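Reviewing the structure listed below.
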Amino acid sequence: MELEVVDSRSGKTITTLKNTSLCSSSTIRDVKREFQKIKRKLYPDRQSFRIEPRGKSLKDEETLENLKLTPGDKIFFKDLGPQIGWITVFLAEYAGPLVIYLLFYYRPSLVYGEAASTPVTTAAHIAAGCWSTHYLKRLIETLFVHRFSHATMPISNLFKNCSYYWGFTAFVAYFNNHPLYTPARYGDIQLYGGLAAFIFSQLGNFSIHLSLRNLRPPGTKERKIPYPSMNQFTWLFYFVSCPNYTYEALAWTSFSILSQSLPALLFTAAGFYQMAVWALGKHRNYKKEFKNYPRGRKAIIPFIL
């Protein structure tokens with residue numbers, strides 16, 4: 001089958017795929033392989049094909065027949081730019097906060113001067129433990145739990161994501177570990193109540209990640225409707241589509257309470273906004289993809305959002 005490959009931005013023809021093994025049953029993945037034979041630097045993960053110049057990227061498993069593409073038709077190409085593995089990005093963006101926070105926690109004189117030798121409060125110890133535990137959990141999940149639908153992402157995301165996580169970590173850690181840091185106003189009730197809620201949220205978040213992992217068999221991109229299981233932490237699926245984000249938001253709210261930290265609260269607000277955007281998008285996709293999707297669910301906040 002012959003296909004004309006057109007640049008989605010300029011509208012100019014890049015090449016024509018002819019004298020290939022492509023046929024009506026071929027997939028977009030096959031098209032990418034044939035295109036790489038002509039443009040060797042454009043490996044498949046860097047390629048995006050669309051039916052229309054500004055349309056959505058076609059999935060690798062979609063066939064030319066199902067897309068109603070016939071010999072001589074145009075298919076639009078976009079260069080996604082240099083790619084990097086999702087796991088690499090996640091490890092970088094999560095390892096940074098762990099190291100940076102502990103650097104401030106140990107109070108180097110380079111940061112705090114002579115005051116660095118003053119005793120660390122119990123609240124600062126607990127906050128450091130919570131922060132470290134959270135990012136250790138994320139690193140472990142990246143290596144052993146998460147299954148990614150895409151192998152790579154644009155390398156520019158590495159710098160963007162790391163700037164966000166590393167920058168906020170330095171902001172929060174500087175104040176939470178400062179020698180003049182003031183512990184929770186309401187004492188042990190606020191401190192340990194926030195800690196209990198933080199631990200609860202982390203267990204819930206981990207449980208949801210395990211549940212989502214079990215929905216996708218290894219090496220596939222299969223999608224299913226997530227449902228609650230015998231694990232009580234997963235019962236939040238009765239009310240929201242993305243309970244992992246719900247637990248994550250609750251965890252950072254709890255951290256902000258136990259540490260009584262304005263920088264932590266700002267980090268929580270920024271994180272919740274982004275997670276709400278993601279959750280709403282996933283919620284819409286679930287409803288569009290599955291006709292029998294539970295109607296009572298919200299995206300991230302039960303009964304509200």
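Residues in the structure tokens are named by chain (A, B, ... in the order shown) and by number from 1 within that chain; ligands are numbered from 1 in the order shown.
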- Query: Which neighbours of range 135-143 of chain A fall inside 9 Å, counting only C-alpha atoms, when residues of the same chain fewer than 5 positions from it are skipped, and could you give them as number ranges by chain?
  - Reply: A: 87, 90-91, 94-95, 97-98, 130, 202, 206, 209-210
Range 291-299 of chain A environment, 12 Å, only C-alpha atoms, sequence neighbours closer than 5 positions dropped, as a PDB file with C-alpha atoms, in the first residue's frame:
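Output (selection-v2.pdb):
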ATOM      1  CA  LYS A 224     -10.167  -1.967  31.981  1.00  0.00           C
ATOM      2  CA  ILE A 225     -12.611  -0.320  34.342  1.00  0.00           C
ATOM      3  CA  PRO A 226     -11.067  -0.267  37.846  1.00  0.00           C
ATOM      4  CA  TYR A 227     -13.316  -1.637  40.567  1.00  0.00           C
ATOM      5  CA  PRO A 228     -12.959  -1.960  44.361  1.00  0.00           C
ATOM      6  CA  TRP A 235     -13.291   1.134  48.144  1.00  0.00           C
ATOM      7  CA  LEU A 236     -12.703   4.738  47.154  1.00  0.00           C
ATOM      8  CA  PHE A 237     -13.218   3.480  43.583  1.00  0.00           C
ATOM      9  CA  TYR A 238     -16.935   3.486  44.424  1.00  0.00           C
ATOM     10  CA  PHE A 239     -16.796   7.276  44.472  1.00  0.00           C
ATOM     11  CA  VAL A 240     -13.948   8.516  42.233  1.00  0.00           C
ATOM     12  CA  SER A 241     -12.135   7.463  39.082  1.00  0.00           C
ATOM     13  CA  CYS A 242      -8.652   8.383  40.329  1.00  0.00           C
ATOM     14  CA  PRO A 243      -8.435   7.558  44.056  1.00  0.00           C
ATOM     15  CA  ASN A 244      -4.634   7.477  43.806  1.00  0.00           C
ATOM     16  CA  TYR A 245      -4.767  11.249  43.294  1.00  0.00           C
ATOM     17  CA  THR A 246      -7.303  11.600  46.103  1.00  0.00           C
ATOM     18  CA  MET A 275      -3.766  16.107  39.674  1.00  0.00           C
ATOM     19  CA  ALA A 276      -7.294  17.489  39.281  1.00  0.00           C
ATOM     20  CA  VAL A 277      -6.549  18.287  35.618  1.00  0.00           C
ATOM     21  CA  TRP A 278      -5.206  14.757  35.072  1.00  0.00           C
ATOM     22  CA  ALA A 279      -8.116  13.164  36.956  1.00  0.00           C
ATOM     23  CA  LEU A 280     -10.757  15.068  34.976  1.00  0.00           C
ATOM     24  CA  GLY A 281      -9.080  14.021  31.727  1.00  0.00           C
ATOM     25  CA  LYS A 282      -8.923  10.364  32.746  1.00  0.00           C
ATOM     26  CA  HIS A 283     -12.506  10.490  33.984  1.00  0.00           C
ATOM     27  CA  ARG A 284     -13.697  11.793  30.610  1.00  0.00           C
ATOM     28  CA  ASN A 285     -11.691   9.115  28.799  1.00  0.00           C
ATOM     29  CA  TYR A 286     -13.166   6.358  30.979  1.00  0.00           C
ATOM     30  CA  ILE A 304     -17.934  17.146  44.223  1.00  0.00           C
ATOM     31  CA  LEU A 305     -15.267  17.055  41.491  1.00  0.00           C
TER      32      LEU A 305
END
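Between CA of Tyr247 in chain A and CA of Leu265 in chain A lies a distance of 15.6 Å.
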- List every residue of range 205-285 of chain A that DSSP, applied to the backbone, labels as helix (DSSP H, G or I), and write the result as a PyMOL selection string. chain A and resi 205-215+232-238+243-259+262-285
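Restricting the calculation to only C-alpha atoms, the smallest distance between Glu61 in chain A and any of A:Leu180, A:Ala196, A:Glu222, A:Trp131 is found for A:Glu222.
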- Message: With distances taken over only C-alpha atoms, which residue among A:Asn66, A:Ala270, A:Glu34, A:Lys288 lies nearest Thr16 in chain A?
- Response: A:Glu34
- If we count only C-alpha atoms, what is near Ala128 in chain A at a cut-off of 8 Å, once residues fewer than 5 positions away on the same chain are taken out, given as a PyMOL selection string? chain A and resi 101-102+105
Expected file contents, prior selection, all heavy atoms, as a short mmCIF file (atom, residue, chain, number, x, y, z; two decimals), in the first residue's frame:
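File selection29.cif, as written:
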data_model
loop_
_atom_site.label_atom_id
_atom_site.label_comp_id
_atom_site.auth_asym_id
_atom_site.auth_seq_id
_atom_site.Cartn_x
_atom_site.Cartn_y
_atom_site.Cartn_z
N TYR A 101 16.00 17.16 50.21
CA TYR A 101 15.37 17.39 51.52
C TYR A 101 16.30 16.97 52.65
O TYR A 101 16.45 17.68 53.65
CB TYR A 101 14.05 16.64 51.62
CG TYR A 101 13.17 17.13 52.76
CD1 TYR A 101 12.13 18.01 52.51
CD2 TYR A 101 13.39 16.72 54.08
CE1 TYR A 101 11.33 18.48 53.54
CE2 TYR A 101 12.59 17.18 55.11
CZ TYR A 101 11.57 18.06 54.84
OH TYR A 101 10.78 18.54 55.87
N LEU A 102 16.94 15.82 52.50
CA LEU A 102 17.84 15.34 53.55
C LEU A 102 19.06 16.24 53.71
O LEU A 102 19.61 16.37 54.79
CB LEU A 102 18.26 13.90 53.25
CG LEU A 102 17.15 12.85 53.35
CD1 LEU A 102 17.68 11.47 52.99
CD2 LEU A 102 16.55 12.83 54.76
N TYR A 105 17.81 18.82 55.89
CA TYR A 105 17.50 18.21 57.18
C TYR A 105 18.74 18.09 58.06
O TYR A 105 18.68 18.30 59.29
CB TYR A 105 16.87 16.84 56.95
CG TYR A 105 16.68 15.99 58.20
CD1 TYR A 105 15.79 16.37 59.19
CD2 TYR A 105 17.40 14.81 58.36
CE1 TYR A 105 15.61 15.59 60.32
CE2 TYR A 105 17.23 14.02 59.48
CZ TYR A 105 16.35 14.41 60.47
OH TYR A 105 16.17 13.63 61.59
#
- Using only C-alpha atoms: which of A:Phe267, A:Phe148, A:Phe233, A:Trp166 has the shortest distance to Pro217 in chain A: A:Phe148
- Message: Report, in Å with one decimal, the straight-line distance from CA of Phe104 in chain A to CA of Leu258 in chain A.
- Response: 18.2 Å
- Could you work out how far CA of Ser259 in chain A lies from CA of Ala184 in chain A, giving the answer in Å with one decimal? 6.4 Å
If we count only C-alpha atoms, what is near Asn231 in chain A at a cut-off of 10 Å, once residues fewer than 4 positions away on the same chain are taken out, given as a PDB file with C-alpha atoms, in the first residue's frame?
ATOM      1  CA  GLY A 204      -4.226   4.020  50.335  1.00  0.00           C
ATOM      2  CA  SER A 207      -3.030   0.057  47.403  1.00  0.00           C
ATOM      3  CA  ILE A 208      -4.549   1.887  44.439  1.00  0.00           C
ATOM      4  CA  SER A 211      -4.837  -2.375  41.975  1.00  0.00           C
ATOM      5  CA  TRP A 235     -13.291   1.134  48.144  1.00  0.00           C
TER       6      TRP A 235
END
- Message: If we count only C-alpha atoms and set the cut-off at 8 Å, which residues sit around Ile84 in chain A, ignoring sequence neighbours fewer than 4 positions away in its own chain? Please answer as a PyMOL selection string.
- Response: chain A and resi 88-89+152-155
- Query: Got a sec: who's within 9 Å of Pro71 in chain A, counting only C-alpha atoms, leaving out chain neighbours fewer than 4 positions off, as a PyMOL selection string?
  - Reply: chain A and resi 1-4+23-24
How would the residues just picked look written out with N, CA, C and O atoms as a PDB file, in the first residue's frame?
ATOM      1  N   MET A   1       0.842  -1.196   0.000  1.00  0.00           N
ATOM      2  CA  MET A   1       0.000   0.000   0.000  1.00  0.00           C
ATOM      3  C   MET A   1       0.876   1.243   0.000  1.00  0.00           C
ATOM      4  O   MET A   1       1.838   1.326   0.769  1.00  0.00           O
ATOM      5  N   GLU A   2       0.528   2.211  -0.809  1.00  0.00           N
ATOM      6  CA  GLU A   2       1.289   3.452  -0.909  1.00  0.00           C
ATOM      7  C   GLU A   2       0.612   4.543  -0.088  1.00  0.00           C
ATOM      8  O   GLU A   2      -0.591   4.769  -0.181  1.00  0.00           O
ATOM      9  N   LEU A   3       1.424   5.228   0.778  1.00  0.00           N
ATOM     10  CA  LEU A   3       0.912   6.310   1.612  1.00  0.00           C
ATOM     11  C   LEU A   3       1.817   7.529   1.472  1.00  0.00           C
ATOM     12  O   LEU A   3       3.040   7.403   1.457  1.00  0.00           O
ATOM     13  N   GLU A   4       1.204   8.693   1.386  1.00  0.00           N
ATOM     14  CA  GLU A   4       1.959   9.944   1.325  1.00  0.00           C
ATOM     15  C   GLU A   4       2.089  10.507   2.740  1.00  0.00           C
ATOM     16  O   GLU A   4       1.079  10.750   3.416  1.00  0.00           O
ATOM     17  N   CYS A  23      -0.018  -3.150   3.977  1.00  0.00           N
ATOM     18  CA  CYS A  23      -1.285  -3.554   3.378  1.00  0.00           C
ATOM     19  C   CYS A  23      -2.406  -3.089   4.286  1.00  0.00           C
ATOM     20  O   CYS A  23      -2.160  -2.445   5.307  1.00  0.00           O
ATOM     21  N   SER A  24      -3.624  -3.404   3.940  1.00  0.00           N
ATOM     22  CA  SER A  24      -4.756  -2.907   4.718  1.00  0.00           C
ATOM     23  C   SER A  24      -4.752  -3.407   6.163  1.00  0.00           C
ATOM     24  O   SER A  24      -5.275  -2.739   7.057  1.00  0.00           O
TER      25      SER A  24
END
- Nearest candidate to His125 in chain A (options A:Asn177, A:Ser156, A:Thr268, A:Gln232; using only C-alpha atoms): A:Asn177
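Comparing the minimum interatomic distances between Tyr106 in chain A and each of A:Asn176, A:Asn214, A:Ser26, A:Gln274, counting only C-alpha atoms, we find that A:Asn176 sits nearest.
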